[in-house]
$ cat target-v2.pdb   # PDB, C-alpha atoms and all ligand atoms
ATOM      1  CA  MET J1146    -112.656 -11.214 167.432  1.00  0.00           C
ATOM      2  CA  LEU J1147    -109.772  -9.639 165.533  1.00  0.00           C
ATOM      3  CA  LEU J1148    -106.973  -8.242 167.688  1.00  0.00           C
ATOM      4  CA  SER J1149    -103.619  -6.807 166.728  1.00  0.00           C
ATOM      5  CA  SER J1150    -100.533  -8.763 167.767  1.00  0.00           C
ATOM      6  CA  SER J1151     -99.479  -5.885 170.046  1.00  0.00           C
ATOM      7  CA  MET J1152    -102.834  -5.992 171.845  1.00  0.00           C
ATOM      8  CA  ILE J1153    -102.437  -9.753 172.275  1.00  0.00           C
ATOM      9  CA  GLU J1154     -98.985  -9.177 173.741  1.00  0.00           C
ATOM     10  CA  VAL J1155    -100.322  -6.583 176.230  1.00  0.00           C
ATOM     11  CA  MET J1156    -103.026  -9.066 177.261  1.00  0.00           C
ATOM     12  CA  HIS J1157    -100.493 -11.898 177.665  1.00  0.00           C
ATOM     13  CA  GLN J1158     -98.152  -9.675 179.694  1.00  0.00           C
ATOM     14  CA  HIS J1159    -101.025  -8.727 181.999  1.00  0.00           C
ATOM     15  CA  ALA J1160    -101.744 -12.452 182.541  1.00  0.00           C
ATOM     16  CA  ARG J1161     -98.069 -13.196 183.283  1.00  0.00           C
ATOM     17  CA  ASP J1162     -97.843 -10.250 185.708  1.00  0.00           C
ATOM     18  CA  ALA J1163    -100.949 -11.360 187.610  1.00  0.00           C
ATOM     19  CA  TYR J1164     -99.882 -15.027 187.880  1.00  0.00           C
ATOM     20  CA  PRO J1165    -100.594 -17.016 190.053  1.00  0.00           C
ATOM     21  CA  ASP J1166    -103.734 -14.872 190.307  1.00  0.00           C
ATOM     22  CA  GLU J1167    -106.256 -14.335 187.537  1.00  0.00           C
ATOM     23  CA  CYS J1168    -105.949 -11.154 185.530  1.00  0.00           C
ATOM     24  CA  CYS J1169    -108.795  -9.255 183.875  1.00  0.00           C
ATOM     25  CA  GLY J1170    -109.472  -6.467 181.458  1.00  0.00           C
ATOM     26  CA  LEU J1171    -111.826  -4.997 178.896  1.00  0.00           C
ATOM     27  CA  ILE J1172    -111.836  -4.288 175.186  1.00  0.00           C
ATOM     28  CA  VAL J1173    -113.845  -1.334 173.929  1.00  0.00           C
ATOM     29  CA  GLY J1174    -114.286  -0.263 170.353  1.00  0.00           C
ATOM     30  CA  GLN J1175    -116.628   0.675 167.559  1.00  0.00           C
ATOM     31  CA  PRO J1176    -119.927  -1.194 167.484  1.00  0.00           C
ATOM     32  CA  PRO J1177    -119.591  -4.405 165.398  1.00  0.00           C
ATOM     33  CA  GLY J1178    -119.960  -3.705 161.679  1.00  0.00           C
ATOM     34  CA  ASP J1179    -119.127  -0.005 162.014  1.00  0.00           C
ATOM     35  CA  ALA J1180    -115.646  -0.280 160.546  1.00  0.00           C
ATOM     36  CA  GLY J1181    -116.809   0.818 157.100  1.00  0.00           C
ATOM     37  CA  MET J1182    -114.905   0.248 153.877  1.00  0.00           C
ATOM     38  CA  SER J1183    -111.500  -0.171 155.478  1.00  0.00           C
ATOM     39  CA  GLY J1184    -112.669  -3.119 157.549  1.00  0.00           C
ATOM     40  CA  GLN J1185    -110.289  -1.901 160.245  1.00  0.00           C
ATOM     41  CA  GLU J1186    -111.977  -1.769 163.593  1.00  0.00           C
ATOM     42  CA  ARG J1187    -110.738   0.656 166.167  1.00  0.00           C
ATOM     43  CA  MET J1188    -110.294  -1.292 169.404  1.00  0.00           C
ATOM     44  CA  ARG J1189    -108.779  -0.383 172.748  1.00  0.00           C
ATOM     45  CA  LEU J1190    -107.571  -3.035 175.148  1.00  0.00           C
ATOM     46  CA  LEU J1191    -107.592  -2.042 178.809  1.00  0.00           C
ATOM     47  CA  PRO J1192    -105.709  -4.208 181.324  1.00  0.00           C
ATOM     48  CA  LEU J1193    -107.457  -3.753 184.683  1.00  0.00           C
ATOM     49  CA  ARG J1194    -106.905  -4.564 188.313  1.00  0.00           C
ATOM     50  CA  ASN J1195    -108.417  -7.756 189.724  1.00  0.00           C
ATOM     51  CA  VAL J1196    -110.048  -6.608 192.980  1.00  0.00           C
ATOM     52  CA  GLN J1197    -111.336 -10.078 193.935  1.00  0.00           C
ATOM     53  CA  ASN J1198    -108.960 -10.377 196.935  1.00  0.00           C
ATOM     54  CA  GLU J1199    -110.094  -7.035 198.388  1.00  0.00           C
ATOM     55  CA  TYR J1200    -113.738  -8.116 198.194  1.00  0.00           C
ATOM     56  CA  HIS J1201    -112.898 -11.577 199.512  1.00  0.00           C
ATOM     57  CA  GLU J1202    -111.159 -10.103 202.571  1.00  0.00           C
ATOM     58  CA  ARG J1203    -114.047  -7.746 203.303  1.00  0.00           C
ATOM     59  CA  ASP J1204    -116.855 -10.262 202.667  1.00  0.00           C
ATOM     60  CA  PRO J1205    -115.637 -13.862 202.375  1.00  0.00           C
ATOM     61  CA  GLU J1206    -119.164 -15.279 202.584  1.00  0.00           C
ATOM     62  CA  THR J1207    -120.288 -13.534 199.417  1.00  0.00           C
ATOM     63  CA  TYR J1208    -116.912 -13.554 197.670  1.00  0.00           C
ATOM     64  CA  THR J1209    -115.843 -17.066 198.615  1.00  0.00           C
ATOM     65  CA  ARG J1210    -113.008 -17.399 196.116  1.00  0.00           C
ATOM     66  CA  THR J1211    -109.702 -15.558 196.051  1.00  0.00           C
ATOM     67  CA  ALA J1212    -108.060 -14.016 192.990  1.00  0.00           C
ATOM     68  CA  ARG J1213    -106.325 -17.353 192.437  1.00  0.00           C
ATOM     69  CA  ARG J1214    -109.660 -18.714 191.187  1.00  0.00           C
ATOM     70  CA  ALA J1215    -111.745 -15.664 190.331  1.00  0.00           C
ATOM     71  CA  TYR J1216    -111.652 -12.143 189.027  1.00  0.00           C
ATOM     72  CA  LEU J1217    -113.635  -9.030 189.702  1.00  0.00           C
ATOM     73  CA  ILE J1218    -113.340  -5.743 187.886  1.00  0.00           C
ATOM     74  CA  ASP J1219    -113.735  -2.766 190.208  1.00  0.00           C
ATOM     75  CA  PRO J1220    -117.400  -1.839 189.578  1.00  0.00           C
ATOM     76  CA  PHE J1221    -116.667   1.900 189.740  1.00  0.00           C
ATOM     77  CA  GLU J1222    -113.833   1.569 187.248  1.00  0.00           C
ATOM     78  CA  PHE J1223    -116.074  -0.559 185.024  1.00  0.00           C
ATOM     79  CA  GLU J1224    -118.780   2.116 185.072  1.00  0.00           C
ATOM     80  CA  ARG J1225    -116.284   4.883 184.320  1.00  0.00           C
ATOM     81  CA  ILE J1226    -114.942   2.937 181.304  1.00  0.00           C
ATOM     82  CA  LEU J1227    -118.464   2.345 179.990  1.00  0.00           C
ATOM     83  CA  GLU J1228    -119.316   6.049 180.307  1.00  0.00           C
ATOM     84  CA  ASP J1229    -116.091   6.940 178.559  1.00  0.00           C
ATOM     85  CA  ALA J1230    -116.872   4.485 175.773  1.00  0.00           C
ATOM     86  CA  ARG J1231    -120.378   5.908 175.323  1.00  0.00           C
ATOM     87  CA  ASP J1232    -118.917   9.408 174.973  1.00  0.00           C
ATOM     88  CA  ASN J1233    -116.657   8.070 172.179  1.00  0.00           C
ATOM     89  CA  ASN J1234    -119.446   6.133 170.384  1.00  0.00           C
ATOM     90  CA  GLU J1235    -117.796   2.917 171.467  1.00  0.00           C
ATOM     91  CA  VAL J1236    -119.239  -0.201 173.053  1.00  0.00           C
ATOM     92  CA  LEU J1237    -117.874  -2.987 175.184  1.00  0.00           C
ATOM     93  CA  ARG J1238    -116.501  -5.513 172.686  1.00  0.00           C
ATOM     94  CA  GLY J1239    -114.643  -7.902 174.925  1.00  0.00           C
ATOM     95  CA  ILE J1240    -113.919  -9.045 178.458  1.00  0.00           C
ATOM     96  CA  PHE J1241    -110.748 -11.022 179.103  1.00  0.00           C
ATOM     97  CA  HIS J1242    -109.367 -12.940 182.053  1.00  0.00           C
ATOM     98  CA  SER J1243    -106.865 -15.692 182.757  1.00  0.00           C
ATOM     99  CA  HIS J1244    -106.965 -19.158 184.288  1.00  0.00           C
ATOM    100  CA  PRO J1245    -103.740 -19.823 186.235  1.00  0.00           C
ATOM    101  CA  ASP J1246    -102.700 -23.463 185.779  1.00  0.00           C
ATOM    102  CA  GLU J1247    -106.040 -24.273 184.171  1.00  0.00           C
ATOM    103  CA  GLU J1248    -107.222 -24.710 180.615  1.00  0.00           C
ATOM    104  CA  SER J1249    -108.849 -21.821 178.736  1.00  0.00           C
ATOM    105  CA  TYR J1250    -112.426 -23.022 179.052  1.00  0.00           C
ATOM    106  CA  PHE J1251    -115.462 -20.887 179.864  1.00  0.00           C
ATOM    107  CA  SER J1252    -116.361 -22.105 183.335  1.00  0.00           C
ATOM    108  CA  GLN J1253    -119.761 -22.217 185.004  1.00  0.00           C
ATOM    109  CA  GLU J1254    -118.572 -19.364 187.259  1.00  0.00           C
ATOM    110  CA  ASP J1255    -117.590 -17.392 184.173  1.00  0.00           C
ATOM    111  CA  LYS J1256    -121.024 -17.963 182.704  1.00  0.00           C
ATOM    112  CA  ASP J1257    -122.766 -17.001 185.932  1.00  0.00           C
ATOM    113  CA  ALA J1258    -120.753 -13.769 186.051  1.00  0.00           C
ATOM    114  CA  ALA J1259    -121.539 -12.966 182.410  1.00  0.00           C
ATOM    115  CA  VAL J1260    -125.239 -13.804 182.727  1.00  0.00           C
ATOM    116  CA  PRO J1261    -126.084 -12.388 186.154  1.00  0.00           C
ATOM    117  CA  PHE J1262    -129.849 -12.593 185.656  1.00  0.00           C
ATOM    118  CA  GLY J1263    -129.837 -16.101 184.234  1.00  0.00           C
ATOM    119  CA  ASP J1264    -131.284 -15.126 180.881  1.00  0.00           C
ATOM    120  CA  ILE J1265    -129.176 -12.940 178.614  1.00  0.00           C
ATOM    121  CA  PRO J1266    -125.704 -11.611 179.348  1.00  0.00           C
ATOM    122  CA  ALA J1267    -125.270  -8.127 180.764  1.00  0.00           C
ATOM    123  CA  PHE J1268    -123.198  -7.384 177.624  1.00  0.00           C
ATOM    124  CA  PRO J1269    -124.340  -9.812 174.901  1.00  0.00           C
ATOM    125  CA  GLN J1270    -122.049  -8.352 172.232  1.00  0.00           C
ATOM    126  CA  ALA J1271    -118.951  -8.572 174.431  1.00  0.00           C
ATOM    127  CA  GLU J1272    -116.859 -11.600 173.488  1.00  0.00           C
ATOM    128  CA  GLN J1273    -115.226 -13.459 176.352  1.00  0.00           C
ATOM    129  CA  ILE J1274    -111.525 -14.232 176.055  1.00  0.00           C
ATOM    130  CA  VAL J1275    -110.028 -16.775 178.453  1.00  0.00           C
ATOM    131  CA  MET J1276    -106.255 -17.310 178.618  1.00  0.00           C
ATOM    132  CA  SER J1277    -104.602 -20.396 180.007  1.00  0.00           C
ATOM    133  CA  VAL J1278    -101.461 -19.582 182.030  1.00  0.00           C
ATOM    134  CA  MET J1279     -99.357 -22.602 182.922  1.00  0.00           C
ATOM    135  CA  LYS J1280     -96.463 -22.015 185.352  1.00  0.00           C
ATOM    136  CA  GLY J1281     -96.529 -18.325 184.515  1.00  0.00           C
ATOM    137  CA  GLU J1282     -96.514 -18.748 180.731  1.00  0.00           C
ATOM    138  CA  VAL J1283     -99.520 -18.059 178.514  1.00  0.00           C
ATOM    139  CA  LYS J1284    -100.287 -21.331 176.753  1.00  0.00           C
ATOM    140  CA  GLY J1285    -103.263 -20.235 174.740  1.00  0.00           C
ATOM    141  CA  ALA J1286    -106.421 -18.209 174.564  1.00  0.00           C
ATOM    142  CA  ARG J1287    -109.913 -18.988 173.426  1.00  0.00           C
ATOM    143  CA  VAL J1288    -112.863 -16.753 172.777  1.00  0.00           C
ATOM    144  CA  PHE J1289    -116.494 -17.428 173.609  1.00  0.00           C
ATOM    145  CA  VAL J1290    -119.348 -15.628 171.915  1.00  0.00           C
ATOM    146  CA  TRP J1291    -122.945 -15.373 173.099  1.00  0.00           C
ATOM    147  CA  SER J1292    -125.416 -17.166 170.853  1.00  0.00           C
ATOM    148  CA  SER J1293    -128.915 -15.784 171.272  1.00  0.00           C
ATOM    149  CA  ASP J1294    -130.309 -18.864 169.452  1.00  0.00           C
ATOM    150  CA  GLY J1295    -128.574 -21.399 171.673  1.00  0.00           C
ATOM    151  CA  LYS J1296    -128.806 -19.191 174.774  1.00  0.00           C
ATOM    152  CA  ASP J1297    -125.238 -20.137 175.548  1.00  0.00           C
ATOM    153  CA  PHE J1298    -121.649 -19.107 174.907  1.00  0.00           C
ATOM    154  CA  LEU J1299    -120.112 -20.901 171.944  1.00  0.00           C
ATOM    155  CA  GLU J1300    -116.461 -20.962 171.006  1.00  0.00           C
ATOM    156  CA  GLY J1301    -115.570 -18.290 168.469  1.00  0.00           C
ATOM    157  CA  GLU J1302    -112.429 -17.384 166.618  1.00  0.00           C
ATOM    158  CA  LEU J1303    -109.596 -15.276 167.956  1.00  0.00           C
ATOM    159  CA  VAL J1304    -107.753 -13.869 164.965  1.00  0.00           C
ATOM    160  CA  VAL J1305    -104.405 -12.139 165.343  1.00  0.00           C
ATOM    161  CA  ASP J1306    -103.860  -9.285 162.941  1.00  0.00           C
ATOM    162  CA  VAL J1307    -100.150  -9.226 162.165  1.00  0.00           C
ATOM    163  CA  GLU J1308     -99.083  -5.583 161.923  1.00  0.00           C
TER     164      GLU J1308
HETATM  165 ZN    ZN J1401    -112.722 -18.055 184.284  1.00  0.00          ZN
END
$ encode --input "target-v2.pdb" --output "structure tokens"
Amino acid sequence: MLLSSSMIEVMHQHARDAYPDECCGLIVGQPPGDAGMSGQERMRLLPLRNVQNEYHERDPETYTRTARRAYLIDPFEFERILEDARDNNEVLRGIFHSHPDEESYFSQEDKDAAVPFGDIPAFPQAEQIVMSVMKGEVKGARVFVWSSDGKDFLEGELVVDVE
């Protein structure tokens, strides 16, 4: 995943603002390999609200965790963004969230959320970015990419494009 340094900064700021809760957001852009000769991919990074606490308050038995340990993108907002992307010939390229005072690993909960039917992810081409936020400061980010061979998420490369 290649992101501009300004997009990385927006993502980091979103994580700092949400701390000590998890933050979340989406990256939409051209389908992979569609950049053409320039090699420049058009990507849009969308910081979103984490609605986990609202769902937890309404239904704590289903949504056992709070936003301190989980994230949930508003499903209506998610759908609207996907429709918008389709209209622009874009696809979902990335999903990002933060781990407050935890390392940037792809947890079992993260995997369960990404692979809701236990087989292939809902969005196999979307790379999963996890940021580690220690005491309010972003200490790093890692990206995890679905491998259809291994049927698992494997660590990929997060490349910062210096503008
Ligand atoms: Zn997570």
$ residues_near_ligand --input "target-v2.pdb" --ligand "ligand ZN 1401 (chain J)" --cutoff "9 Å" --atoms "all atoms listed in the file" --output "list of chain:residue names"
J:Glu1167, J:Arg1214, J:Ala1215, J:Tyr1216, J:Phe1241, J:His1242, J:Ser1243, J:His1244, J:Ser1249, J:Tyr1250, J:Phe1251, J:Ser1252, J:Gln1253, J:Glu1254, J:Asp1255, J:Lys1256, J:Val1275, J:Met1276
$ axis_aligned_box --input "target-v2.pdb" --around "region 1151-1162 of chain J" --padding-each-side "3 Å" --output "lines of an AutoDock Vina configuration file"
center_x = -100.4
center_y = -9.5
center_z = 177.9
size_x = 11.2
size_y = 13.3
size_z = 21.7
$ resolve_selection --input "target-v2.pdb" --expression "the PyMOL selection byres (((chain J and resi 1245) around 10) and not hetatm)" --output "number ranges by chain"
J: 1160-1161, 1163-1168, 1212-1215, 1242-1244, 1246-1249, 1276-1283
$ write_last_selection --input "target-v2.pdb" --atoms "C-alpha atoms" --output "JSON list (two decimals), in the coordinates of the input"
[["chain", "number", "residue", "atom", "x", "y", "z"],
["J", 1160, "ALA", "CA", -101.74, -12.45, 182.54],
["J", 1161, "ARG", "CA", -98.07, -13.20, 183.28],
["J", 1163, "ALA", "CA", -100.95, -11.36, 187.61],
["J", 1164, "TYR", "CA", -99.88, -15.03, 187.88],
["J", 1165, "PRO", "CA", -100.59, -17.02, 190.05],
["J", 1166, "ASP", "CA", -103.73, -14.87, 190.31],
["J", 1167, "GLU", "CA", -106.26, -14.34, 187.54],
["J", 1168, "CYS", "CA", -105.95, -11.15, 185.53],
["J", 1212, "ALA", "CA", -108.06, -14.02, 192.99],
["J", 1213, "ARG", "CA", -106.32, -17.35, 192.44],
["J", 1214, "ARG", "CA", -109.66, -18.71, 191.19],
["J", 1215, "ALA", "CA", -111.74, -15.66, 190.33],
["J", 1242, "HIS", "CA", -109.37, -12.94, 182.05],
["J", 1243, "SER", "CA", -106.86, -15.69, 182.76],
["J", 1244, "HIS", "CA", -106.96, -19.16, 184.29],
["J", 1246, "ASP", "CA", -102.70, -23.46, 185.78],
["J", 1247, "GLU", "CA", -106.04, -24.27, 184.17],
["J", 1248, "GLU", "CA", -107.22, -24.71, 180.62],
["J", 1249, "SER", "CA", -108.85, -21.82, 178.74],
["J", 1276, "MET", "CA", -106.26, -17.31, 178.62],
["J", 1277, "SER", "CA", -104.60, -20.40, 180.01],
["J", 1278, "VAL", "CA", -101.46, -19.58, 182.03],
["J", 1279, "MET", "CA", -99.36, -22.60, 182.92],
["J", 1280, "LYS", "CA", -96.46, -22.02, 185.35],
["J", 1281, "GLY", "CA", -96.53, -18.32, 184.52],
["J", 1282, "GLU", "CA", -96.51, -18.75, 180.73],
["J", 1283, "VAL", "CA", -99.52, -18.06, 178.51]]
$ closest_residue --input "target-v2.pdb" --among "J:Glu1206, J:Asp1162, J:Asp1306, J:Asp1264" --to "Ser1149 (chain J)" --atoms "only C-alpha atoms"
J:Asp1306
$ residues_around --input "target-v2.pdb" --residues "region 1220-1231 of chain J" --least-positions-apart "6" --cutoff "8 Å" --atoms "only C-alpha atoms" --output "number ranges by chain"
J: 1173-1174, 1237
$ atom_distance --input "target-v2.pdb" --atom1 "CA of Ser1292 (chain J)" --atom2 "CA of Gln1273 (chain J)"
12.2 Å
$ atom_distance --input "target-v2.pdb" --atom1 "CA of Ile1172 (chain J)" --atom2 "CA of Gly1239 (chain J)"
4.6 Å
$ closest_residue --input "target-v2.pdb" --among "J:Ile1218, J:Val1236, J:Met1152, J:Ala1286" --to "Gln1270 (chain J)" --atoms "only C-alpha atoms"
J:Val1236
$ resolve_selection --input "target-v2.pdb" --expression "the PyMOL selection byres (((chain J and resi 1307) around 10) and not hetatm)" --output "PyMOL selection string"
chain J and resi 1148-1151+1304-1306+1308
$ atom_distance --input "target-v2.pdb" --atom1 "CA of Glu1272 (chain J)" --atom2 "CA of Val1155 (chain J)"
17.5 Å
$ closest_residue --input "target-v2.pdb" --among "J:Ile1265, J:Ala1271, J:Leu1190, J:Leu1217" --to "Ile1153 (chain J)" --atoms "all atoms listed in the file"
J:Leu1190
